[in-house]
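Undergrad: Have a peek at run.txt (compact mmCIF, C-alpha atoms and all ligand atoms).
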# COMPACT_ATOMS: atom_id res chain seq x y z
CA ALA A 11 140.11 104.56 107.60
CA LYS A 12 139.45 102.68 110.80
CA LEU A 13 137.04 103.93 113.40
CA PRO A 14 138.90 106.03 115.89
CA LYS A 15 139.00 104.31 119.26
CA LYS A 16 137.27 107.26 120.82
CA PHE A 17 134.07 106.84 118.83
CA GLU A 18 131.56 105.05 121.00
CA LYS A 19 128.57 103.96 118.99
CA ASN A 20 126.40 103.33 122.04
CA ARG A 21 126.99 106.77 123.39
CA PHE A 22 126.34 108.30 119.98
CA ASN A 23 122.99 106.47 119.87
CA GLU A 24 122.00 107.01 123.47
CA ASN A 25 120.55 110.50 123.15
CA ILE A 26 120.75 112.26 119.81
CA CYS A 27 120.35 115.64 121.56
CA GLU A 28 123.82 115.10 123.07
CA ARG A 29 125.45 114.92 119.64
CA ASN A 30 127.52 117.84 118.41
CA ALA A 31 126.72 119.25 114.98
CA PRO A 32 129.49 121.68 113.96
CA LEU A 33 129.43 123.73 110.75
CA GLN A 34 132.66 122.15 109.54
CA HIS A 35 132.50 118.38 109.70
CA HIS A 36 134.16 115.29 108.19
CA ASN A 37 131.62 114.19 105.59
CA GLN A 38 130.79 117.02 103.19
CA VAL A 39 130.51 114.68 100.18
CA LEU A 40 128.00 112.40 101.90
CA VAL A 41 125.92 115.16 103.43
CA GLU A 42 125.46 117.07 100.20
CA PRO A 43 123.07 114.64 98.41
CA LEU A 44 121.08 114.14 101.63
CA LEU A 45 120.66 117.90 102.09
CA PHE A 46 119.70 118.21 98.45
CA LEU A 47 116.97 115.58 98.87
CA ASN A 48 115.79 117.43 101.99
CA GLU A 49 115.52 120.60 99.92
CA TYR A 50 113.89 118.73 97.03
CA TRP A 51 111.07 117.29 99.15
CA THR A 52 110.61 120.54 101.08
CA VAL A 53 110.12 122.39 97.81
CA MET A 54 107.87 119.61 96.48
CA GLY A 55 105.73 119.89 99.62
CA ASP A 56 106.47 116.51 101.23
CA GLU A 57 107.67 117.54 104.70
CA ARG A 58 107.75 114.00 106.04
CA ARG A 59 110.24 112.80 103.43
CA ALA A 60 112.22 116.03 103.69
CA LEU A 61 112.60 115.49 107.44
CA ALA A 62 113.96 111.97 106.99
CA TYR A 63 116.81 113.29 104.80
CA SER A 64 117.44 116.21 107.13
CA LYS A 65 117.81 113.79 110.07
CA ALA A 66 120.11 111.48 108.11
CA ALA A 67 122.29 114.43 107.07
CA ALA A 68 122.46 115.60 110.68
CA THR A 69 123.55 112.16 111.86
CA ILE A 70 126.38 112.11 109.32
CA LYS A 71 127.40 115.69 110.23
CA CYS A 72 127.88 114.64 113.85
CA LEU A 73 130.28 111.78 113.12
CA PRO A 74 133.81 112.54 114.36
CA PHE A 75 135.45 110.69 111.42
CA THR A 76 135.21 110.45 107.64
CA VAL A 77 133.00 107.57 106.53
CA THR A 78 134.57 105.27 103.93
CA THR A 79 132.42 102.14 104.04
CA LEU A 80 128.78 101.50 104.79
CA THR A 81 129.61 99.10 107.62
CA GLU A 82 130.89 102.03 109.66
CA LEU A 83 127.28 103.20 109.80
CA ASP A 84 125.80 99.91 111.00
CA ASP A 85 123.32 100.39 113.85
CA LEU A 86 123.63 104.17 113.92
CA LYS A 87 120.40 105.86 114.96
CA GLY A 88 118.99 108.61 112.76
CA LEU A 89 119.82 107.30 109.30
CA GLY A 90 116.22 106.35 108.67
CA SER A 91 114.85 103.57 106.55
CA GLY A 92 116.78 101.93 103.75
CA HIS A 93 116.52 104.75 101.26
CA CYS A 94 118.87 107.20 102.96
CA LEU A 95 121.38 104.36 103.30
CA LYS A 96 121.02 103.61 99.58
CA VAL A 97 121.87 107.23 98.77
CA ILE A 98 124.85 107.07 101.12
CA GLN A 99 126.06 103.76 99.69
CA GLU A 100 125.87 104.98 96.10
CA THR A 101 127.68 108.20 97.01
CA LEU A 102 130.41 106.20 98.75
CA GLU A 103 130.80 103.89 95.75
CA ARG A 104 130.42 106.28 92.82
CA GLY A 105 131.12 109.68 94.32
CA HIS A 106 127.63 110.85 93.37
CA CYS A 107 124.01 109.78 93.45
CA GLN A 108 122.07 109.32 90.21
CA GLU A 109 118.73 110.16 91.83
CA VAL A 110 120.08 113.55 92.85
CA ILE A 111 121.24 114.33 89.32
CA VAL A 112 117.85 113.43 87.85
CA LYS A 113 115.89 115.34 90.50
CA ARG A 114 118.15 118.38 90.21
CA ASP A 115 117.26 118.67 86.52
CA SER A 116 113.52 118.37 87.08
CA MET A 117 111.81 121.43 85.61
CA LYS A 118 109.04 121.28 88.16
CA PHE A 119 111.53 121.29 91.04
CA GLN A 120 113.51 124.17 89.56
CA SER A 121 110.36 126.26 89.11
CA LEU A 122 108.97 125.50 92.57
CA LYS A 123 112.36 126.22 94.12
CA ILE A 124 112.44 129.72 92.62
CA LEU A 125 108.78 130.46 93.40
CA SER A 126 108.96 129.31 97.02
CA SER A 127 112.09 131.39 97.52
CA VAL A 128 110.03 134.56 97.00
CA TYR A 129 109.19 136.23 100.33
CA GLY A 130 105.52 135.53 101.02
CA ILE A 131 105.28 132.42 98.83
CA GLY A 132 105.34 129.03 100.55
CA PRO A 133 105.48 125.56 98.97
CA SER A 134 101.69 125.22 98.60
CA LEU A 135 101.17 128.58 96.87
CA ALA A 136 104.21 127.89 94.68
CA LEU A 137 102.60 124.62 93.58
CA LYS A 138 99.29 126.35 92.89
CA LEU A 139 100.96 129.07 90.80
CA HIS A 140 102.91 126.46 88.86
CA SER A 141 100.11 123.95 88.27
CA ASN A 142 97.16 126.28 87.75
CA HIS A 143 98.82 129.23 86.03
CA GLY A 144 101.98 127.79 84.47
CA VAL A 145 104.16 130.17 86.47
CA SER A 146 107.84 129.13 86.55
CA SER A 147 109.82 132.25 87.37
CA VAL A 148 109.71 135.64 89.04
CA GLN A 149 109.36 137.16 85.55
CA ASP A 150 106.25 135.00 85.00
CA ILE A 151 104.73 136.38 88.21
CA LEU A 152 105.31 139.89 86.86
CA LYS A 153 103.81 139.10 83.47
CA LEU A 154 100.67 137.68 85.07
CA TRP A 155 100.63 140.12 88.00
CA ASN A 156 97.13 141.53 87.47
CA GLN A 157 95.60 138.18 86.58
CA LEU A 158 97.07 136.38 89.59
CA ALA A 159 95.66 138.97 92.03
CA LEU A 160 97.95 137.86 94.86
CA ALA A 161 96.45 139.40 97.97
CA ASP A 162 99.42 139.02 100.30
CA GLU A 163 101.32 142.31 100.45
CA ARG A 164 104.53 140.40 101.24
CA ILE A 165 104.60 138.85 97.77
CA LYS A 166 104.71 142.27 96.14
CA VAL A 167 107.65 143.12 98.39
CA GLY A 168 109.24 139.72 97.75
CA VAL A 169 109.03 140.21 93.99
CA THR A 170 110.08 143.86 94.01
CA TYR A 171 113.22 143.16 96.00
CA TYR A 172 113.75 139.61 94.78
CA ALA A 173 117.38 140.10 93.75
CA ASP A 174 118.34 141.65 97.09
CA LEU A 175 116.37 139.19 99.19
CA SER A 176 117.85 136.16 97.44
CA THR A 177 121.40 137.42 98.03
CA PRO A 178 122.93 135.99 101.24
CA VAL A 179 123.29 138.45 104.12
CA SER A 180 126.82 138.73 105.49
CA CYS A 181 127.69 138.76 109.17
CA THR A 182 128.91 142.36 108.77
CA LEU A 183 125.54 143.52 107.45
CA ALA A 184 123.75 141.59 110.20
CA LYS A 185 125.80 143.50 112.78
CA LYS A 186 125.07 146.76 111.01
CA ILE A 187 121.32 146.07 111.25
CA LYS A 188 121.73 145.21 114.93
CA GLY A 189 123.55 148.53 115.43
CA ILE A 190 120.73 150.49 113.80
CA VAL A 191 118.10 148.76 115.95
CA GLU A 192 120.23 149.19 119.06
CA TYR A 193 120.58 152.93 118.46
CA GLU A 194 116.85 153.50 117.97
CA LEU A 195 116.05 151.41 121.06
CA SER A 196 118.44 153.45 123.17
CA ILE A 197 116.47 156.56 122.26
CA ILE A 198 113.21 154.99 123.40
CA LYS A 199 114.22 153.37 126.69
CA ASP A 200 117.41 152.20 128.44
CA ASP A 201 118.37 148.86 129.95
CA PHE A 202 117.50 146.56 127.10
CA ARG A 203 119.35 143.53 125.90
CA ILE A 204 119.67 142.82 122.18
CA GLU A 205 121.10 139.69 120.56
CA ILE A 206 121.44 138.32 117.06
CA ALA A 207 120.09 134.75 117.12
CA GLY A 208 119.48 132.37 114.18
CA GLY A 209 122.23 130.99 112.01
CA PHE A 210 124.64 133.86 112.75
CA ARG A 211 124.69 132.93 116.42
CA ARG A 212 125.55 129.37 115.37
CA GLY A 213 128.60 130.75 113.58
CA LYS A 214 127.29 130.83 110.02
CA LYS A 215 129.01 133.44 107.83
CA ASN A 216 125.85 134.11 105.79
CA GLY A 217 122.14 134.00 106.38
CA HIS A 218 118.85 134.48 104.55
CA ASP A 219 117.71 136.98 107.18
CA VAL A 220 118.72 138.57 110.49
CA ASP A 221 116.94 137.32 113.63
CA ILE A 222 117.09 139.83 116.48
CA LEU A 223 115.83 139.26 120.03
CA ILE A 224 115.16 142.11 122.44
CA THR A 225 114.34 142.09 126.14
CA TYR A 226 114.32 144.43 129.18
CA THR A 227 115.32 143.87 132.80
CA THR A 228 111.87 142.92 134.10
CA ASP A 229 108.72 141.37 132.64
CA GLY A 230 106.30 143.91 131.24
CA GLU A 231 108.88 146.62 130.54
CA GLU A 232 108.94 145.46 126.91
CA LYS A 233 105.27 146.32 126.36
CA GLY A 234 104.65 148.93 123.69
CA ILE A 235 108.33 149.20 122.75
CA LEU A 236 108.16 147.30 119.47
CA SER A 237 105.54 149.49 117.82
CA SER A 238 107.43 152.55 119.00
CA LEU A 239 110.65 151.09 117.60
CA MET A 240 109.00 150.44 114.24
CA LYS A 241 107.77 154.05 114.12
CA HIS A 242 111.29 155.33 114.80
CA LEU A 243 112.92 153.04 112.24
CA ASN A 244 110.28 153.92 109.68
CA HIS A 245 110.66 157.67 110.17
CA LYS A 246 114.40 157.36 109.64
CA GLY A 247 113.77 155.56 106.34
CA TYR A 248 115.14 152.18 107.38
CA ILE A 249 112.02 150.19 106.61
CA LEU A 250 110.64 149.07 103.24
CA HIS A 251 107.95 146.83 104.67
CA TRP A 252 106.87 145.36 107.98
CA ARG A 253 104.18 143.21 109.50
CA LEU A 254 103.63 143.46 113.22
CA GLU A 255 102.39 140.42 115.07
CA LYS A 256 100.81 141.03 118.47
CA SER A 257 101.78 138.95 121.46
CA SER A 258 99.36 136.08 121.88
CA PHE A 259 101.02 134.39 124.83
CA ASP A 260 98.68 132.66 127.20
CA GLU A 261 100.35 130.18 129.56
CA GLU A 262 97.31 127.95 129.70
CA ALA A 263 96.89 127.73 125.94
CA VAL A 264 100.57 127.50 125.08
CA PHE A 265 101.53 124.70 127.43
CA THR A 266 98.48 122.54 127.97
CA ARG A 267 97.68 121.61 124.39
CA SER A 268 97.72 117.99 123.32
CA PRO A 269 101.35 116.82 123.46
CA ASP A 270 101.58 115.73 119.82
CA GLN A 271 100.66 119.23 118.79
CA ILE A 272 104.02 120.74 119.69
CA SER A 273 103.90 124.04 117.90
CA VAL A 274 106.97 125.53 116.24
CA MET A 275 105.38 128.95 116.00
CA ASP A 276 105.66 131.01 119.15
CA HIS A 277 103.51 133.78 120.58
CA PHE A 278 105.94 136.65 121.07
CA GLU A 279 105.24 140.14 119.84
CA LYS A 280 107.32 140.39 116.67
CA SER A 281 107.90 142.33 113.51
CA PHE A 282 108.72 140.64 110.23
CA CYS A 283 110.51 143.39 108.31
CA VAL A 284 112.29 144.19 105.12
CA PHE A 285 114.99 146.72 106.00
CA LYS A 286 116.41 149.32 103.67
CA CYS A 287 119.96 148.83 104.84
CA PRO A 288 122.38 151.65 104.01
CA LEU A 289 125.60 150.49 102.33
CA GLN A 290 129.13 151.91 102.41
CA GLY A 291 130.92 152.52 99.13
CA ASN A 292 132.67 149.15 99.15
CA GLU A 293 129.45 147.32 100.03
CA ILE A 294 127.51 148.65 97.05
CA PRO A 295 126.87 145.81 94.67
CA GLU A 296 127.83 145.63 91.02
CA THR A 297 125.21 147.27 88.83
CA GLU A 298 123.97 144.07 87.23
CA ARG A 299 123.22 142.26 90.46
CA THR A 300 120.08 144.22 91.07
CA ILE A 301 117.50 143.43 88.44
CA ARG A 302 114.83 146.10 88.27
CA ILE A 303 111.35 144.82 88.80
CA ASP A 304 108.25 146.82 88.26
CA VAL A 305 105.34 146.22 90.59
CA ASN A 306 103.77 149.65 91.01
CA GLU A 307 106.70 150.87 93.05
CA PRO A 308 109.78 150.37 90.93
CA PHE A 309 113.28 150.99 92.17
CA PRO A 310 114.64 154.48 91.64
CA SER A 311 115.93 154.40 88.10
CA GLN A 312 119.59 155.03 88.84
CA GLU A 313 121.51 151.77 88.60
CA GLN A 314 123.70 152.33 91.65
CA ARG A 315 121.90 152.31 94.94
CA ASN A 316 123.52 152.96 98.29
CA TRP A 317 121.22 150.53 100.10
CA ARG A 318 119.90 147.02 99.85
CA ALA A 319 116.80 145.20 101.06
CA ILE A 320 117.33 142.74 103.93
CA ARG A 321 114.85 140.48 105.72
CA VAL A 322 114.87 141.09 109.47
CA ASP A 323 112.87 139.38 112.23
CA LEU A 324 112.54 141.46 115.42
CA ILE A 325 111.26 139.54 118.44
CA MET A 326 110.26 141.22 121.71
CA VAL A 327 110.71 138.87 124.66
CA PRO A 328 109.57 139.23 128.31
CA LYS A 329 112.63 138.79 130.56
CA SER A 330 111.47 135.59 132.26
CA GLN A 331 111.21 133.84 128.88
CA TRP A 332 114.52 135.15 127.46
CA ALA A 333 116.63 132.00 127.94
CA TYR A 334 114.05 129.79 126.22
CA ALA A 335 113.48 132.35 123.47
CA LEU A 336 117.21 132.65 122.77
CA LEU A 337 117.55 128.88 122.55
CA GLY A 338 114.49 128.58 120.30
CA TRP A 339 115.50 131.36 117.93
CA THR A 340 119.11 130.17 117.73
CA GLY A 341 117.95 126.84 116.34
CA SER A 342 118.75 125.03 114.22
CA LYS A 343 115.20 124.09 113.39
CA LEU A 344 116.07 120.41 113.47
CA PHE A 345 117.93 120.75 116.80
CA MET A 346 114.89 122.41 118.37
CA ARG A 347 112.68 119.70 116.97
CA MET A 348 114.93 117.04 118.52
CA LEU A 349 114.96 118.85 121.88
CA ARG A 350 111.17 119.23 121.92
CA HIS A 351 110.68 115.58 121.08
CA TYR A 352 113.17 114.41 123.71
CA SER A 353 111.67 116.67 126.34
CA ASN A 354 108.17 115.53 125.59
CA ALA A 355 108.81 111.81 125.22
CA HIS A 356 111.43 111.27 127.93
CA LEU A 357 110.84 114.00 130.51
CA GLN A 358 107.07 114.58 130.26
CA LYS A 359 107.88 118.23 129.77
CA THR A 360 106.78 120.57 127.00
CA LEU A 361 109.54 122.77 125.60
CA ASN A 362 109.01 125.81 123.42
CA SER A 363 110.42 129.34 123.04
CA HIS A 364 108.38 130.52 126.05
CA GLY A 365 109.51 127.98 128.61
CA LEU A 366 109.60 124.41 129.85
CA TRP A 367 106.36 123.04 131.23
CA ASP A 368 106.35 120.12 133.64
CA LYS A 369 103.26 118.16 132.67
CA ARG A 370 103.13 116.09 135.84
CA GLU A 371 103.49 119.01 138.22
CA ASN A 372 101.63 121.44 135.96
CA LYS A 373 104.14 124.21 136.36
CA LEU A 374 106.75 126.17 134.47
CA ILE A 375 110.45 125.55 135.13
CA PRO A 376 112.27 128.90 135.22
CA ALA A 377 115.66 129.56 133.57
CA GLU A 378 117.96 132.59 133.67
CA SER A 379 120.30 131.43 130.91
CA GLU A 380 120.66 128.83 128.17
CA GLU A 381 122.91 126.91 130.57
CA ASP A 382 119.93 126.67 132.93
CA VAL A 383 117.73 125.38 130.13
CA PHE A 384 120.15 122.57 129.30
CA LYS A 385 120.36 121.74 133.03
CA ASN A 386 116.57 121.68 133.24
CA LEU A 387 116.57 119.20 130.37
CA GLY A 388 119.22 117.04 132.01
CA LEU A 389 121.59 117.65 129.09
CA SER A 390 125.13 118.98 128.94
CA TYR A 391 125.44 122.55 127.68
CA LYS A 392 125.91 122.79 123.93
CA ASP A 393 127.62 125.80 122.41
CA PRO A 394 125.59 127.44 119.61
CA SER A 395 128.37 126.51 117.15
CA HIS A 396 127.53 122.83 117.77
CA ARG A 397 123.79 123.24 117.15
CA ASN A 398 124.05 123.16 113.36
CA PHE A 399 121.87 120.08 112.88
P1 LIG B 401 119.10 131.37 107.94
O1 LIG B 401 120.54 131.69 107.98
O2 LIG B 401 118.68 130.78 106.64
O3 LIG B 401 118.25 132.52 108.35
P2 LIG B 401 118.30 130.27 110.46
O4 LIG B 401 118.73 129.06 111.19
O5 LIG B 401 118.59 131.59 111.08
O6 LIG B 401 118.90 130.18 109.00
P3 LIG B 401 115.50 131.03 110.51
O7 LIG B 401 114.40 130.57 109.61
O8 LIG B 401 115.84 132.46 110.44
O9 LIG B 401 116.74 130.08 110.18
O10 LIG B 401 115.07 130.62 111.96
C1 LIG B 401 115.91 130.72 113.09
C2 LIG B 401 115.28 129.99 114.26
O11 LIG B 401 114.15 130.69 114.72
C3 LIG B 401 114.83 128.59 113.91
O12 LIG B 401 115.45 127.67 114.76
C4 LIG B 401 113.35 128.55 114.13
O13 LIG B 401 112.99 127.46 114.93
C5 LIG B 401 113.03 129.84 114.82
N1 LIG B 401 111.90 130.50 114.14
C6 LIG B 401 111.90 131.00 112.90
N2 LIG B 401 110.71 131.54 112.57
C7 LIG B 401 109.92 131.37 113.66
C8 LIG B 401 108.57 131.72 113.98
N3 LIG B 401 107.77 132.34 113.12
N4 LIG B 401 108.12 131.40 115.21
C9 LIG B 401 108.92 130.78 116.08
N5 LIG B 401 110.19 130.43 115.85
C10 LIG B 401 110.69 130.70 114.66
MN MN B 402 117.74 133.40 110.27
MN MN B 403 114.20 134.23 110.63
Show me this structure written as structure tokens.
Ligand code: ATP
Ligand code: MN
Ligand code: MN

TA:
Amino acid sequence: AKLPKKFEKNRFNENICERNAPLQHHNQVLVEPLLFLNEYWTVMGDERRALAYSKAAATIKCLPFTVTTLTELDDLKGLGSGHCLKVIQETLERGHCQEVIVKRDSMKFQSLKILSSVYGIGPSLALKLHSNHGVSSVQDILKLWNQLALADERIKVGVTYYADLSTPVSCTLAKKIKGIVEYELSIIKDDFRIEIAGGFRRGKKNGHDVDILITYTTDGEEKGILSSLMKHLNHKGYILHWRLEKSSFDEEAVFTRSPDQISVMDHFEKSFCVFKCPLQGNEIPETERTIRIDVNEPFPSQEQRNWRAIRVDLIMVPKSQWAYALLGWTGSKLFMRMLRHYSNAHLQKTLNSHGLWDKRENKLIPAESEEDVFKNLGLSYKDPSHRNF
């Protein structure tokens, strides 16, 4: 196919933050191997290589036409060094990429992929478990449970509810969780705002967790609410596990760090939870889906449960930081990374989930809404559905 007249390469290259990355795009076949290689290197612990593939995939996702020959990609920014192009070329010519097939079958990759998918286990611990203890599966972790002496409480939870936590969360269940939180909040104090962020806000039908942001009408009103909320939820039996993180926001520290040290982690008060989400009759899974795992606290022995475990992030946001927090927690991760880089390199401003800091004037730039944030960055507003980089 010819390039549509409308596609202007220069404009596409001008500012990658202005590109639109929809969920449904024109190049599924090409993006797949690139996303696989991103996953492969993430799991193998090489973030730098993973990022290169993630960026290349994002560039392809944003193209408004289906690529048929490599020349259509000449001079496009974001496709990285030669290797991504080699993967693309081979996929165009053969319909698949040999490297992907080989890497997909790698035993080490398969083991690390499973291990790092357990809540509480990251790529480096996964590698340690695999290399030092020959662990390759969740069953292996169970077999060696006492010997491994894993101190992090989250891992026990991650293993116990592994089947549930590795099952995608539907939009319907995400809304149900929001409803539960909303109800308990309304008992504590009125005039809050609650929003599902993350992938669901970008229009994804499934997610690995539910990200929920909460704020009140003025700064400070949110203080103390989250621990109260957790108490309420816990008493009602909605919580299997949670870890509360105190607010550590300090304007000075957050915004005046060295510019290359742009932190992804924010400083909001939050609760990383595993919910015990009640299910309706038709939502109850088939018996076999839930494997029973025994780490001190086994599931109740009946096969049919009327609940499932779901990962939920609850983030308490002071009102003045809401717009930036909503943007940050809506993601995607790569989109936020691109925005932070652009803001830092081209505007001399530091962007994070707390605000936008003007480094020359040494002051924060306020925003009421996401629209304001895009204005403050000199960018056109981008709907969440087009932030799927
Ligand atoms: P999924 O459907 O797999 O959950 P997601 O896009 O919602 O995909 P998350 O990992 O839930 O991915 O993260 C959502 C957004 O929140 C990301 O853009 C990320 O930048 C931000 N985020 C996630 N965890 C943190 C954290 N600990 N601190 C600050 N921001 C975070
Ligand atoms: Mn999420
Ligand atoms: Mn999350």

Undergrad: For ligand MN 402 (chain B), return the neighbouring residues as a PyMOL selection string (distance at most 7 Å; all atoms listed in the file).

TA: chain A and resi 208-209+217-221

Undergrad: Which chains and residue numbers are within 9 Å of ligand LIG 401 (chain B), counting all atoms listed in the file, if I want them as an MDAnalysis selection string?

TA: chainID A and resid 178:179 207:212 214:221 273:278 280 282 322:323 335:347 362:363 398

Undergrad: Rank A:Ile320, A:Ala355, A:Met240, A:Cys94 by their smallest atom-to-atom distance to ligand MN 403 (chain B), using all atoms listed in the file, and report the top residue only.

TA: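 Result for the nearest residue to ligand MN 403 (chain B): A:Ile320.
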
Undergrad: Can you pull out every residue within 8 Å of segment 371-385 of chain A, counting all atoms listed in the file, but drop anything in the same chain fewer than 2 positions away, and send it as a VMD selection string?

TA: chain A and resid 330 to 334 336 to 337 365 to 369 387 to 392

Undergrad: Please list as a VMD selection string every residue within 12 Å of segment 102-107 of chain A, counting all atoms listed in the file and excluding residues in the same chain fewer than 2 positions away.

TA: chain A and resid 37 to 44 46 to 47 76 to 83 93 to 100 109 to 114

Undergrad: One decimal, Å: what's the distance from atom CA of Ile249 of chain A over to atom CA of Val284 of chain A, could you say?

TA: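 Atom CA of Val284 of chain A lies at a distance of 6.2 Å from atom CA of Ile249 of chain A.
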
Undergrad: Go through A:Leu139, A:Val53, A:Leu183, A:Val327 and flag the residue nearest Gln290 of chain A, using all atoms listed in the file for the distances.

TA: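 Closest to Gln290 of chain A, using all atoms listed in the file: A:Leu183.
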
Undergrad: Could you pull the residues within 10 Å of Tyr50 of chain A, counting only C-alpha atoms, minus those fewer than 6 positions along the same chain, as JSON, numbers by chain?

TA: {"A": [44, 56, 57, 59, 60, 63, 110, 113, 114, 116, 119, 120, 122, 123]}

Undergrad: Leaving out Val191 of chain A and any residue of its chain fewer than 5 positions from it, which residues lie within 10 Å of it when counting all atoms listed in the file, given as a PyMOL selection string?

TA: chain A and resi 185-186+196+204+222+224+239-240+242-243+248+324

Undergrad: Might you pull out every residue within 8 Å of Ile198 of chain A, with only C-alpha atoms counted and same-chain residues fewer than 2 positions away left off, and present them as a PDB file with C-alpha atoms, in the coordinates of the input?

TA:
ATOM      1  CA  GLU A 194     116.850 153.500 117.970  1.00  0.00           C
ATOM      2  CA  LEU A 195     116.050 151.410 121.060  1.00  0.00           C
ATOM      3  CA  SER A 196     118.440 153.450 123.170  1.00  0.00           C
ATOM      4  CA  ASP A 200     117.410 152.200 128.440  1.00  0.00           C
ATOM      5  CA  ILE A 235     108.330 149.200 122.750  1.00  0.00           C
ATOM      6  CA  SER A 238     107.430 152.550 119.000  1.00  0.00           C
ATOM      7  CA  LEU A 239     110.650 151.090 117.600  1.00  0.00           C
TER       8      LEU A 239
END

Undergrad: Which residue is closest to His140 of chain A? Choose from A:Asn25, A:Ser237, A:Ser121, A:Asn386 and count all atoms listed in the file.

TA: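 Between A:Asn25, A:Ser237, A:Ser121, A:Asn386, the residue approaching His140 of chain A most closely is A:Ser121.
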
Undergrad: How many Å separate atom CA of Gly90 of chain A from atom CA of Met348 of chain A?

TA: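 Computed distance, atom CA of Gly90 of chain A to atom CA of Met348 of chain A, equals 14.6 Å.
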
Undergrad: Find, counting only C-alpha atoms and all ligand atoms, the residue in A:Leu137, A:Cys287, A:Leu223, A:Val264 that gets nearest to ligand MN 403 (chain B).

TA: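 Looking only at the distances to ligand MN 403 (chain B), the closest residue turns out to be A:Leu223.
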
Undergrad: Looking at only C-alpha atoms, which of A:Thr101, A:Gln34, A:Ser127, A:Ser146 is the one that sits closest to Ser176 of chain A?

TA: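 Checking each candidate against Ser176 of chain A, we get A:Ser127 as the closest.
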
Undergrad: What does the structure give for the distance between atom CA of Pro288 of chain A and atom CA of Gly213 of chain A, in Å to one decimal?

TA: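 Going from atom CA of Pro288 of chain A over to atom CA of Gly213 of chain A, I get 23.8 Å.
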